>>> print(open('protein_36.cif').read())   # mmCIF, C-alpha atoms and all ligand atoms; chains and numbers go by the auth columns
data_data
#
loop_
_atom_site.group_PDB
_atom_site.id
_atom_site.type_symbol
_atom_site.label_atom_id
_atom_site.label_comp_id
_atom_site.label_asym_id
_atom_site.label_seq_id
_atom_site.Cartn_x
_atom_site.Cartn_y
_atom_site.Cartn_z
_atom_site.B_iso_or_equiv
_atom_site.auth_seq_id
_atom_site.auth_asym_id
ATOM 1 C CA MET A 1 0.000 0.000 0.000 0.00 1 K
ATOM 2 C CA GLU A 2 1.168 3.510 -0.765 0.00 2 K
ATOM 3 C CA ILE A 3 -0.042 6.679 0.947 0.00 3 K
ATOM 4 C CA PHE A 4 -0.157 9.976 -0.904 0.00 4 K
ATOM 5 C CA GLU A 5 -0.472 13.225 1.021 0.00 5 K
ATOM 6 C CA ASP A 6 0.583 16.583 -0.463 0.00 6 K
ATOM 7 C CA ASP A 7 1.862 14.631 -3.452 0.00 7 K
ATOM 8 C CA ASP A 8 -0.494 14.918 -6.412 0.00 8 K
ATOM 9 C CA GLU A 9 2.315 14.132 -8.811 0.00 9 K
ATOM 10 C CA GLY A 10 3.099 10.844 -7.095 0.00 10 K
ATOM 11 C CA TYR A 11 -0.581 10.000 -6.780 0.00 11 K
ATOM 12 C CA LEU A 12 -1.336 10.605 -10.456 0.00 12 K
ATOM 13 C CA ARG A 13 1.731 8.563 -11.421 0.00 13 K
ATOM 14 C CA TRP A 14 0.489 5.675 -9.250 0.00 14 K
ATOM 15 C CA LEU A 15 -2.910 5.806 -10.974 0.00 15 K
ATOM 16 C CA ARG A 16 -1.279 5.548 -14.387 0.00 16 K
ATOM 17 C CA LEU A 17 0.799 2.558 -13.303 0.00 17 K
ATOM 18 C CA HIS A 18 -2.092 0.743 -11.563 0.00 18 K
ATOM 19 C CA PRO A 19 -5.151 0.853 -13.839 0.00 19 K
ATOM 20 C CA ASN A 20 -6.652 -2.125 -11.972 0.00 20 K
ATOM 21 C CA GLY A 21 -5.856 -0.804 -8.500 0.00 21 K
ATOM 22 C CA TYR A 22 -7.965 0.624 -5.704 0.00 22 K
ATOM 23 C CA VAL A 23 -7.878 3.959 -3.913 0.00 23 K
ATOM 24 C CA LEU A 24 -9.098 4.668 -0.391 0.00 24 K
ATOM 25 C CA ASN A 25 -9.969 8.358 -0.149 0.00 25 K
ATOM 26 C CA TYR A 26 -9.831 9.728 3.393 0.00 26 K
ATOM 27 C CA LYS A 27 -10.142 13.140 4.956 0.00 27 K
ATOM 28 C CA ARG A 28 -7.142 14.756 6.608 0.00 28 K
ATOM 29 C CA PRO A 29 -7.161 14.214 9.472 0.00 29 K
ATOM 30 C CA PRO A 30 -9.120 10.975 8.939 0.00 30 K
ATOM 31 C CA GLU A 31 -12.838 10.924 9.757 0.00 31 K
ATOM 32 C CA VAL A 32 -14.364 7.502 10.296 0.00 32 K
ATOM 33 C CA ASN A 33 -17.380 8.227 8.075 0.00 33 K
ATOM 34 C CA VAL A 34 -15.318 9.612 5.161 0.00 34 K
ATOM 35 C CA LEU A 35 -13.451 6.512 3.992 0.00 35 K
ATOM 36 C CA LYS A 36 -14.424 5.788 0.433 0.00 36 K
ATOM 37 C CA LEU A 37 -13.090 3.007 -1.731 0.00 37 K
ATOM 38 C CA HIS A 38 -12.723 3.637 -5.468 0.00 38 K
ATOM 39 C CA HIS A 39 -11.392 1.840 -8.488 0.00 39 K
ATOM 40 C CA SER A 40 -8.295 3.670 -9.686 0.00 40 K
ATOM 41 C CA THR A 41 -10.132 4.670 -12.876 0.00 41 K
ATOM 42 C CA CYS A 42 -13.078 6.341 -11.086 0.00 42 K
ATOM 43 C CA GLY A 43 -13.893 9.825 -12.349 0.00 43 K
ATOM 44 C CA ASP A 44 -14.339 11.012 -8.739 0.00 44 K
ATOM 45 C CA ILE A 45 -10.637 10.664 -7.983 0.00 45 K
ATOM 46 C CA THR A 46 -8.950 11.102 -11.381 0.00 46 K
ATOM 47 C CA GLY A 47 -8.534 13.852 -13.937 0.00 47 K
ATOM 48 C CA THR A 48 -8.917 17.439 -12.762 0.00 48 K
ATOM 49 C CA PRO A 49 -10.101 17.890 -9.167 0.00 49 K
ATOM 50 C CA HIS A 50 -13.274 19.854 -8.467 0.00 50 K
ATOM 51 C CA ARG A 51 -13.020 23.526 -7.509 0.00 51 K
ATOM 52 C CA GLY A 52 -9.402 23.792 -8.575 0.00 52 K
ATOM 53 C CA ASP A 53 -8.240 21.818 -5.533 0.00 53 K
ATOM 54 C CA LEU A 54 -5.421 19.347 -5.412 0.00 54 K
ATOM 55 C CA TRP A 55 -6.092 15.632 -4.924 0.00 55 K
ATOM 56 C CA THR A 56 -3.934 14.987 -1.891 0.00 56 K
ATOM 57 C CA VAL A 57 -4.230 18.087 0.308 0.00 57 K
ATOM 58 C CA ALA A 58 -7.672 18.158 1.979 0.00 58 K
ATOM 59 C CA TYR A 59 -7.869 14.406 1.413 0.00 59 K
ATOM 60 C CA GLY A 60 -5.266 11.676 1.446 0.00 60 K
ATOM 61 C CA LYS A 61 -5.138 8.671 -0.851 0.00 61 K
ATOM 62 C CA ALA A 62 -4.170 5.179 0.224 0.00 62 K
ATOM 63 C CA CYS A 63 -3.505 3.158 -2.932 0.00 63 K
ATOM 64 C CA SER A 64 -3.089 -0.561 -3.496 0.00 64 K
ATOM 65 C CA ASP A 65 -3.762 -3.335 -5.967 0.00 65 K
ATOM 66 C CA ASP A 66 -5.066 -5.302 -2.983 0.00 66 K
ATOM 67 C CA ARG A 67 -8.507 -4.153 -1.984 0.00 67 K
ATOM 68 C CA ARG A 68 -8.384 -6.084 1.283 0.00 68 K
ATOM 69 C CA GLY A 69 -5.307 -4.161 2.374 0.00 69 K
ATOM 70 C CA LEU A 70 -7.198 -0.896 1.997 0.00 70 K
ATOM 71 C CA GLU A 71 -10.166 -2.271 3.905 0.00 71 K
ATOM 72 C CA ARG A 72 -7.763 -3.238 6.681 0.00 72 K
ATOM 73 C CA TYR A 73 -6.295 0.261 6.645 0.00 73 K
ATOM 74 C CA ALA A 74 -9.783 1.788 6.929 0.00 74 K
ATOM 75 C CA ARG A 75 -10.349 -0.322 10.038 0.00 75 K
ATOM 76 C CA GLN A 76 -7.034 0.921 11.453 0.00 76 K
ATOM 77 C CA LEU A 77 -8.371 4.448 10.992 0.00 77 K
ATOM 78 C CA GLY A 78 -11.408 3.431 13.042 0.00 78 K
ATOM 79 C CA GLY A 79 -14.005 3.057 10.299 0.00 79 K
ATOM 80 C CA SER A 80 -14.753 0.920 7.305 0.00 80 K
ATOM 81 C CA ALA A 81 -14.260 1.439 3.574 0.00 81 K
ATOM 82 C CA LEU A 82 -17.499 2.378 1.817 0.00 82 K
ATOM 83 C CA GLU A 83 -17.757 1.468 -1.834 0.00 83 K
ATOM 84 C CA CYS A 84 -18.105 4.463 -4.131 0.00 84 K
ATOM 85 C CA GLY A 85 -21.549 4.641 -5.704 0.00 85 K
ATOM 86 C CA ASN A 86 -20.106 5.634 -9.071 0.00 86 K
ATOM 87 C CA CYS A 87 -17.448 3.011 -9.703 0.00 87 K
ATOM 88 C CA PHE A 88 -18.892 0.025 -7.772 0.00 88 K
ATOM 89 C CA ARG A 89 -22.013 -0.705 -9.753 0.00 89 K
HETATM 90 ZN ZN ZN B . -15.452 5.804 -7.341 0.00 1 X
#
>>> encode(input="protein_36.cif", output="structure tokens", more="lines below")
Ligand SMILES: [Zn+2]
Amino acid sequence: MEIFEDDDEGYLRWLRLHPNGYVLNYKRPPEVNVLKLHHSTCGDITGTPHRGDLWTVAYGKACSDDRRGLERYARQLGGSALECGNCFR
């Protein structure tokens, strides 16, 4: 698992290299009810961020090809990974 905070460049590079990976999006600092699991191709977490923000400043990204590892990490943060409604359908 790789964690990206204040590193949009590294995050976007990871996405390119892991088209079948998963991303856990969490608030900084983490909030137990804001732990969302995405596929690395999801439009919610790729491309140009909303409102001119950066991807890894207000939120952090935990990235892995192993979905279970991210679910474990969400539990370490005190919550559970919720599947994104856009990319888990
Ligand atoms: Zn998604």
>>> residues_around(input="protein_36.cif", residues="Phe4 in chain K", least_positions_apart="6", cutoff="9 Å", atoms="only C-alpha atoms", output="list of chain:residue names")
K:Gly10, K:Tyr11, K:Thr56, K:Gly60, K:Lys61, K:Ala62, K:Cys63
>>> residues_near_ligand(input="protein_36.cif", ligand="ligand ZN 1 (chain X)", cutoff="12 Å", atoms="all atoms listed in the file", output="list in words")
Gly21, Tyr22, Val23, Leu24, Asn25, Leu35, Lys36, Leu37, His38, His39, Ser40, Thr41, Cys42, Gly43, Asp44, Ile45, Thr46, Ala81, Leu82, Glu83, Cys84, Gly85, Asn86, Cys87, Phe88 and Arg89 of chain K
>>> closest_residue(input="protein_36.cif", among="K:Lys27, K:Ile3, K:Val32, K:Leu15", to="Gly78 in chain K", atoms="all atoms listed in the file")
K:Val32
>>> closest_residue(input="protein_36.cif", among="K:Val57, K:Pro29, K:Pro19, K:Gly47", to="Glu5 in chain K", atoms="all atoms listed in the file")
K:Val57
>>> atom_distance(input="protein_36.cif", atom1="CA of Leu77 in chain K", atom2="CA of Leu17 in chain K")
26.0 Å
>>> decode(input="protein_36.cif", residues="range 34-66 of chain K", atoms="N, CA, C and O atoms", output="short mmCIF file (atom, residue, chain, number, x, y, z; two decimals), in the first residue's frame")
data_model
loop_
_atom_site.label_atom_id
_atom_site.label_comp_id
_atom_site.auth_asym_id
_atom_site.auth_seq_id
_atom_site.Cartn_x
_atom_site.Cartn_y
_atom_site.Cartn_z
N VAL K 34 -15.76 9.13 6.48
CA VAL K 34 -15.32 9.61 5.16
C VAL K 34 -14.15 8.74 4.70
O VAL K 34 -13.02 9.18 4.60
N LEU K 35 -14.46 7.47 4.46
CA LEU K 35 -13.45 6.51 3.99
C LEU K 35 -14.06 5.81 2.79
O LEU K 35 -14.82 4.86 2.93
N LYS K 36 -13.74 6.32 1.61
CA LYS K 36 -14.42 5.79 0.43
C LYS K 36 -13.45 5.04 -0.47
O LYS K 36 -12.36 5.51 -0.74
N LEU K 37 -13.91 3.87 -0.89
CA LEU K 37 -13.09 3.01 -1.73
C LEU K 37 -13.49 3.19 -3.20
O LEU K 37 -14.67 3.10 -3.54
N HIS K 38 -12.50 3.45 -4.04
CA HIS K 38 -12.72 3.64 -5.47
C HIS K 38 -11.85 2.69 -6.28
O HIS K 38 -10.77 2.31 -5.84
N HIS K 39 -12.29 2.39 -7.48
CA HIS K 39 -11.39 1.84 -8.49
C HIS K 39 -10.48 2.97 -8.96
O HIS K 39 -10.89 4.13 -8.99
N SER K 40 -9.26 2.61 -9.35
CA SER K 40 -8.29 3.67 -9.69
C SER K 40 -8.68 4.44 -10.95
O SER K 40 -8.08 5.46 -11.25
N THR K 41 -9.69 3.96 -11.67
CA THR K 41 -10.13 4.67 -12.88
C THR K 41 -11.35 5.55 -12.62
O THR K 41 -11.86 6.18 -13.55
N CYS K 42 -11.83 5.61 -11.38
CA CYS K 42 -13.08 6.34 -11.09
C CYS K 42 -12.93 7.83 -11.37
O CYS K 42 -11.93 8.46 -10.98
N GLY K 43 -13.92 8.40 -12.02
CA GLY K 43 -13.89 9.82 -12.35
C GLY K 43 -13.90 10.73 -11.13
O GLY K 43 -13.54 11.90 -11.22
N ASP K 44 -14.31 10.19 -9.96
CA ASP K 44 -14.34 11.01 -8.74
C ASP K 44 -12.94 11.32 -8.22
O ASP K 44 -12.76 12.27 -7.46
N ILE K 45 -11.97 10.52 -8.59
CA ILE K 45 -10.64 10.66 -7.98
C ILE K 45 -9.53 10.75 -9.04
O ILE K 45 -8.37 10.59 -8.74
N THR K 46 -9.94 10.99 -10.31
CA THR K 46 -8.95 11.10 -11.38
C THR K 46 -9.24 12.36 -12.19
O THR K 46 -10.28 12.99 -12.03
N GLY K 47 -8.34 12.69 -13.08
CA GLY K 47 -8.53 13.85 -13.94
C GLY K 47 -8.27 15.14 -13.18
O GLY K 47 -7.34 15.22 -12.39
N THR K 48 -9.11 16.14 -13.40
CA THR K 48 -8.92 17.44 -12.76
C THR K 48 -9.83 17.52 -11.53
O THR K 48 -11.02 17.30 -11.64
N PRO K 49 -9.26 17.84 -10.37
CA PRO K 49 -10.10 17.89 -9.17
C PRO K 49 -11.16 18.99 -9.26
O PRO K 49 -10.97 19.98 -9.96
N HIS K 50 -12.24 18.83 -8.52
CA HIS K 50 -13.27 19.85 -8.47
C HIS K 50 -12.73 21.12 -7.82
O HIS K 50 -11.83 21.07 -6.99
N ARG K 51 -13.29 22.24 -8.17
CA ARG K 51 -13.02 23.53 -7.51
C ARG K 51 -11.55 23.91 -7.52
O ARG K 51 -11.09 24.64 -6.66
N GLY K 52 -10.80 23.40 -8.48
CA GLY K 52 -9.40 23.79 -8.57
C GLY K 52 -8.53 23.29 -7.43
O GLY K 52 -7.41 23.76 -7.26
N ASP K 53 -9.03 22.35 -6.64
CA ASP K 53 -8.24 21.82 -5.53
C ASP K 53 -7.17 20.86 -6.04
O ASP K 53 -7.15 20.51 -7.22
N LEU K 54 -6.34 20.44 -5.12
CA LEU K 54 -5.42 19.35 -5.41
C LEU K 54 -6.02 18.06 -4.85
O LEU K 54 -6.90 18.09 -3.99
N TRP K 55 -5.52 16.92 -5.33
CA TRP K 55 -6.09 15.63 -4.92
C TRP K 55 -5.67 15.20 -3.53
O TRP K 55 -6.38 14.45 -2.87
N THR K 56 -4.51 15.62 -3.09
CA THR K 56 -3.93 14.99 -1.89
C THR K 56 -3.67 15.99 -0.77
O THR K 56 -2.80 15.77 0.05
N VAL K 57 -4.45 17.09 -0.74
CA VAL K 57 -4.23 18.09 0.31
C VAL K 57 -5.33 18.00 1.38
O VAL K 57 -5.06 17.61 2.51
N ALA K 58 -6.57 18.28 1.01
CA ALA K 58 -7.67 18.16 1.98
C ALA K 58 -7.97 16.69 2.26
O ALA K 58 -8.45 16.33 3.34
N TYR K 59 -7.66 15.85 1.28
CA TYR K 59 -7.87 14.41 1.41
C TYR K 59 -6.55 13.71 1.16
O TYR K 59 -5.69 14.22 0.43
N GLY K 60 -6.41 12.52 1.76
CA GLY K 60 -5.27 11.68 1.45
C GLY K 60 -5.75 10.49 0.62
O GLY K 60 -6.94 10.19 0.57
N LYS K 61 -4.80 9.84 -0.03
CA LYS K 61 -5.14 8.67 -0.85
C LYS K 61 -4.25 7.50 -0.44
O LYS K 61 -3.02 7.59 -0.53
N ALA K 62 -4.89 6.43 0.00
CA ALA K 62 -4.17 5.18 0.22
C ALA K 62 -4.44 4.30 -0.99
O ALA K 62 -5.59 4.09 -1.37
N CYS K 63 -3.37 3.83 -1.63
CA CYS K 63 -3.50 3.16 -2.93
C CYS K 63 -2.91 1.77 -2.87
O CYS K 63 -1.83 1.57 -2.30
N SER K 64 -3.59 0.81 -3.48
CA SER K 64 -3.09 -0.56 -3.50
C SER K 64 -3.78 -1.34 -4.60
O SER K 64 -4.91 -1.03 -4.98
N ASP K 65 -3.10 -2.39 -5.07
CA ASP K 65 -3.76 -3.34 -5.97
C ASP K 65 -4.59 -4.33 -5.17
O ASP K 65 -5.39 -5.07 -5.74
N ASP K 66 -4.38 -4.34 -3.85
CA ASP K 66 -5.07 -5.30 -2.98
C ASP K 66 -6.17 -4.58 -2.21
O ASP K 66 -5.91 -3.85 -1.26
#
